[in-house]
Amino acid sequence: MQLNQSAKFNISRVAKKEIALFFSSPIAFLFIGAFVAVTLFIFFWGETFFSRNISDVRPMFEWMPLLLIFLCSTLTMKLWCEEKRSGTIEFLHTLSVPLSHFVIGKFLGCLALLSIALFITIPLPITVSIIGELDWGPVISGYLAVLLLGSTYIAIGLAVSAKSDNQIVSLISACLIGGVFYFIGTPALTDFFSHQSADFLRQLGTGSRFEDITRGVIDLRDLYYYISLTLVFLALNTYFLEKERWINNKKNSHHKQWQVITSLLTINLIAANLWLSQLPQLRIDTTAGKQYSISEATSLYLK
């Protein structure tokens with residue numbers, strides 16, 4: 001119990017420190033400002049909300065996967081690179097506090113900033129609900145999808161930043177990795193494959209799963225996909241930092257233990273995704289009229 005309380009205390013301290021550092025510099029204000037400005041521009045101008053004459057906020061979420069790739073990579077590019085540049089990473093290596101506490105703390109600090117940016121956009125669906133009849137199911141699931149997708153890109157950016165010594169290299173690498181995960185499930189690639197292969201690629205893509213949730217369909221398999229991907233990159237982030245401690249030391253059983261644990265965690269998280277993909281009826285249709293669910297009458301007719 002004392003260990004758990006100590007871990008929570010360390011993680012909360014790191015998270016609060018990162019949030020304070022964000023708001024003590026222009027980073028937080030630039031991130032929130034860019035996020036809100038681009039979101040409003042896409043909603044009102046890019047997707048021409050008023051000419052669509054439909055009271056929904058789906059256009060707000062359509063470009064989020066691409067927007068989050070760049071914004072989350074920009075947010076995380078300096079978090080570990082700056083520690084290396086200033087030399088504080090060497091001090092962290094000498095502490096008895098597990099490096100995973102610092103990794104989780106930085107991750108939660110970034111996620112809190114993303115949550116604040118999302119909270120500022122809430123007046124948009126409220127305004128739409130006043131103008132017309134808004135189905136709040138897809139809105140709530142859309143915000144959940146943004147948080148899940150954002151957490152994945154933040155974890156990717158942190159892992160890349162821990163491996164890189166240069167902020168620009170970290171930014172470009174994180175954008176490329178995030179872009180690959182997004183591109184895998186897009187029609188630009190899946191159209192070249194058979195139906196079965198295309199469906200498998202869509203399951204690997206972050207953007208295709210994001211679209212399913214923003215429609216108003218919350219699938220347990222999609223939730224686990226984002227959570228597992230986040231945990232994999234957080235584990236890799238911790239492993240990269242631990243590995244730096246071994247540079248001046250000879251390989252020993254402790255190093256092998258870390259490698260085995262990281263590998264097993266990654267394999268198990270990926271294997272669980274494949275297992276869950278075979279299970280049906282793991283979703284909730286949050287739309288008002290259950291638009292993506294078969295009615296009881298249709299189900300009886302099919303039987």
# chains A, B, ... in the order shown; residues from 1 in each chain; ligands from 1
>>> select_by_dssp(residues="stretch 20-260 of chain A", states="alpha helix (DSSP H)", output="number ranges by chain")
A: 20-23, 26-41, 49-52, 58-62, 64-76, 79-86, 88-94, 99-120, 123-131, 136-163, 167-184, 187-190, 195-204, 206-214, 220-245, 253-260
>>> residues_around(residues="A:Leu276", least_positions_apart="6", cutoff="10 Å", atoms="only C-alpha atoms", output="ChimeraX atom specification")
/A:220-222,224-225,282
>>> closest_residue(among="A:Gln167, A:Gln196, A:Thr190, A:Asn273", to="A:Ser228", atoms="only C-alpha atoms")
A:Asn273
>>> atom_distance(atom1="atom CA of A:Val146", atom2="atom CA of A:Leu114")
9.1 Å
>>> closest_atom_pairs(of="stretch 207-271 of chain A", to="stretch 46-68 of chain A", cutoff="12 Å", atoms="only C-alpha atoms", output="CSV")
residue,atom,partner,partner_atom,distance
A:Gly207,CA,A:Pro65,CA,6.0
A:Ser208,CA,A:Pro65,CA,9.5
A:Arg209,CA,A:Pro65,CA,10.4
A:Phe210,CA,A:Pro65,CA,7.7
A:Glu211,CA,A:Glu62,CA,7.5
A:Asp212,CA,A:Glu62,CA,11.0
A:Ile213,CA,A:Phe61,CA,10.3
A:Thr214,CA,A:Arg58,CA,7.0
A:Arg215,CA,A:Arg58,CA,7.7
A:Gly216,CA,A:Arg58,CA,9.8
>>> write_last_selection(atoms="N, CA and C atoms", output="short mmCIF file (atom, residue, chain, number, x, y, z; two decimals), in the first residue's frame")
data_model
loop_
_atom_site.label_atom_id
_atom_site.label_comp_id
_atom_site.auth_asym_id
_atom_site.auth_seq_id
_atom_site.Cartn_x
_atom_site.Cartn_y
_atom_site.Cartn_z
N GLY A 207 -6.84 5.59 -37.82
CA GLY A 207 -7.89 6.44 -38.37
C GLY A 207 -9.19 5.70 -38.63
N SER A 208 -9.11 4.46 -39.14
CA SER A 208 -10.31 3.70 -39.45
C SER A 208 -11.09 3.35 -38.19
N ARG A 209 -10.39 2.98 -37.13
CA ARG A 209 -11.07 2.70 -35.86
C ARG A 209 -11.64 3.98 -35.26
N PHE A 210 -10.95 5.09 -35.46
CA PHE A 210 -11.43 6.38 -34.97
C PHE A 210 -12.77 6.74 -35.62
N GLU A 211 -12.90 6.47 -36.92
CA GLU A 211 -14.13 6.78 -37.63
C GLU A 211 -15.30 5.96 -37.09
N ASP A 212 -15.04 4.72 -36.74
CA ASP A 212 -16.10 3.87 -36.20
C ASP A 212 -16.66 4.43 -34.90
N ILE A 213 -15.77 4.92 -34.03
CA ILE A 213 -16.22 5.45 -32.74
C ILE A 213 -16.97 6.76 -32.92
N THR A 214 -16.46 7.64 -33.80
CA THR A 214 -17.12 8.94 -34.00
C THR A 214 -18.49 8.80 -34.65
N ARG A 215 -18.78 7.67 -35.28
CA ARG A 215 -20.13 7.43 -35.81
C ARG A 215 -21.13 7.23 -34.69
N GLY A 216 -20.61 6.86 -33.51
CA GLY A 216 -21.48 6.60 -32.38
C GLY A 216 -21.47 5.15 -31.93
#
>>> residues_around(residues="A:Trp80", least_positions_apart="4", cutoff="7 Å", atoms="only C-alpha atoms", output="list in words")
Lys84, Ser161 and Ala162 of chain A
>>> decode(residues="stretch 174-207 of chain A", atoms="N, CA and C atoms", output="compact mmCIF listing (two decimals), in the first residue's frame")
# COMPACT_ATOMS: atom_id res chain seq x y z
N ALA A 174 8.17 11.09 -35.00
CA ALA A 174 6.86 10.84 -34.39
C ALA A 174 5.74 11.05 -35.42
N CYS A 175 5.86 12.08 -36.26
CA CYS A 175 4.85 12.32 -37.30
C CYS A 175 4.83 11.18 -38.31
N LEU A 176 6.00 10.65 -38.66
CA LEU A 176 6.07 9.55 -39.61
C LEU A 176 5.43 8.28 -39.05
N ILE A 177 5.76 7.96 -37.79
CA ILE A 177 5.19 6.76 -37.17
C ILE A 177 3.68 6.90 -37.03
N GLY A 178 3.23 8.04 -36.53
CA GLY A 178 1.80 8.28 -36.42
C GLY A 178 1.11 8.26 -37.77
N GLY A 179 1.79 8.82 -38.79
CA GLY A 179 1.24 8.82 -40.15
C GLY A 179 1.11 7.42 -40.73
N VAL A 180 2.08 6.55 -40.43
CA VAL A 180 2.03 5.17 -40.91
C VAL A 180 0.84 4.44 -40.30
N PHE A 181 0.66 4.59 -38.99
CA PHE A 181 -0.48 3.94 -38.32
C PHE A 181 -1.81 4.45 -38.88
N TYR A 182 -1.86 5.74 -39.24
CA TYR A 182 -3.08 6.28 -39.82
C TYR A 182 -3.28 5.79 -41.25
N PHE A 183 -2.21 5.79 -42.05
CA PHE A 183 -2.30 5.47 -43.48
C PHE A 183 -2.67 4.01 -43.71
N ILE A 184 -2.29 3.12 -42.79
CA ILE A 184 -2.53 1.68 -42.97
C ILE A 184 -4.01 1.37 -43.21
N GLY A 185 -4.89 2.06 -42.50
CA GLY A 185 -6.31 1.74 -42.60
C GLY A 185 -7.11 2.59 -43.56
N THR A 186 -6.46 3.47 -44.32
CA THR A 186 -7.18 4.37 -45.22
C THR A 186 -7.47 3.68 -46.56
N PRO A 187 -8.51 4.11 -47.27
CA PRO A 187 -8.83 3.52 -48.58
C PRO A 187 -7.69 3.65 -49.59
N ALA A 188 -6.82 4.64 -49.41
CA ALA A 188 -5.69 4.81 -50.33
C ALA A 188 -4.80 3.57 -50.37
N LEU A 189 -4.79 2.79 -49.30
CA LEU A 189 -4.01 1.55 -49.25
C LEU A 189 -4.91 0.32 -49.33
N THR A 190 -6.02 0.32 -48.60
CA THR A 190 -6.86 -0.88 -48.53
C THR A 190 -7.53 -1.21 -49.86
N ASP A 191 -7.70 -0.20 -50.74
CA ASP A 191 -8.36 -0.45 -52.03
C ASP A 191 -7.53 -1.36 -52.93
N PHE A 192 -6.25 -1.51 -52.62
CA PHE A 192 -5.37 -2.36 -53.44
C PHE A 192 -5.39 -3.82 -53.00
N PHE A 193 -6.14 -4.14 -51.95
CA PHE A 193 -6.14 -5.49 -51.41
C PHE A 193 -7.54 -6.10 -51.47
N SER A 194 -7.59 -7.40 -51.25
CA SER A 194 -8.86 -8.09 -51.22
C SER A 194 -9.66 -7.66 -50.00
N HIS A 195 -10.93 -8.08 -49.96
CA HIS A 195 -11.81 -7.66 -48.86
C HIS A 195 -11.27 -8.11 -47.51
N GLN A 196 -10.81 -9.35 -47.41
CA GLN A 196 -10.32 -9.87 -46.14
C GLN A 196 -9.04 -9.17 -45.71
N SER A 197 -8.11 -8.96 -46.65
CA SER A 197 -6.86 -8.27 -46.32
C SER A 197 -7.11 -6.81 -45.98
N ALA A 198 -8.04 -6.18 -46.71
CA ALA A 198 -8.37 -4.78 -46.44
C ALA A 198 -8.98 -4.62 -45.06
N ASP A 199 -9.83 -5.58 -44.67
CA ASP A 199 -10.45 -5.53 -43.34
C ASP A 199 -9.39 -5.67 -42.25
N PHE A 200 -8.39 -6.51 -42.49
CA PHE A 200 -7.30 -6.68 -41.52
C PHE A 200 -6.48 -5.40 -41.39
N LEU A 201 -6.22 -4.73 -42.53
CA LEU A 201 -5.46 -3.48 -42.50
C LEU A 201 -6.24 -2.38 -41.78
N ARG A 202 -7.56 -2.37 -41.97
CA ARG A 202 -8.38 -1.37 -41.28
C ARG A 202 -8.34 -1.57 -39.76
N GLN A 203 -8.20 -2.82 -39.33
CA GLN A 203 -8.09 -3.08 -37.90
C GLN A 203 -6.77 -2.57 -37.34
N LEU A 204 -5.75 -2.43 -38.18
CA LEU A 204 -4.45 -1.93 -37.73
C LEU A 204 -4.37 -0.41 -37.76
N GLY A 205 -5.24 0.21 -38.53
CA GLY A 205 -5.16 1.66 -38.70
C GLY A 205 -5.82 2.43 -37.57
N THR A 206 -5.17 3.49 -37.11
CA THR A 206 -5.74 4.33 -36.05
C THR A 206 -6.91 5.17 -36.57
N GLY A 207 -6.84 5.59 -37.82
CA GLY A 207 -7.89 6.44 -38.37
C GLY A 207 -9.19 5.70 -38.63
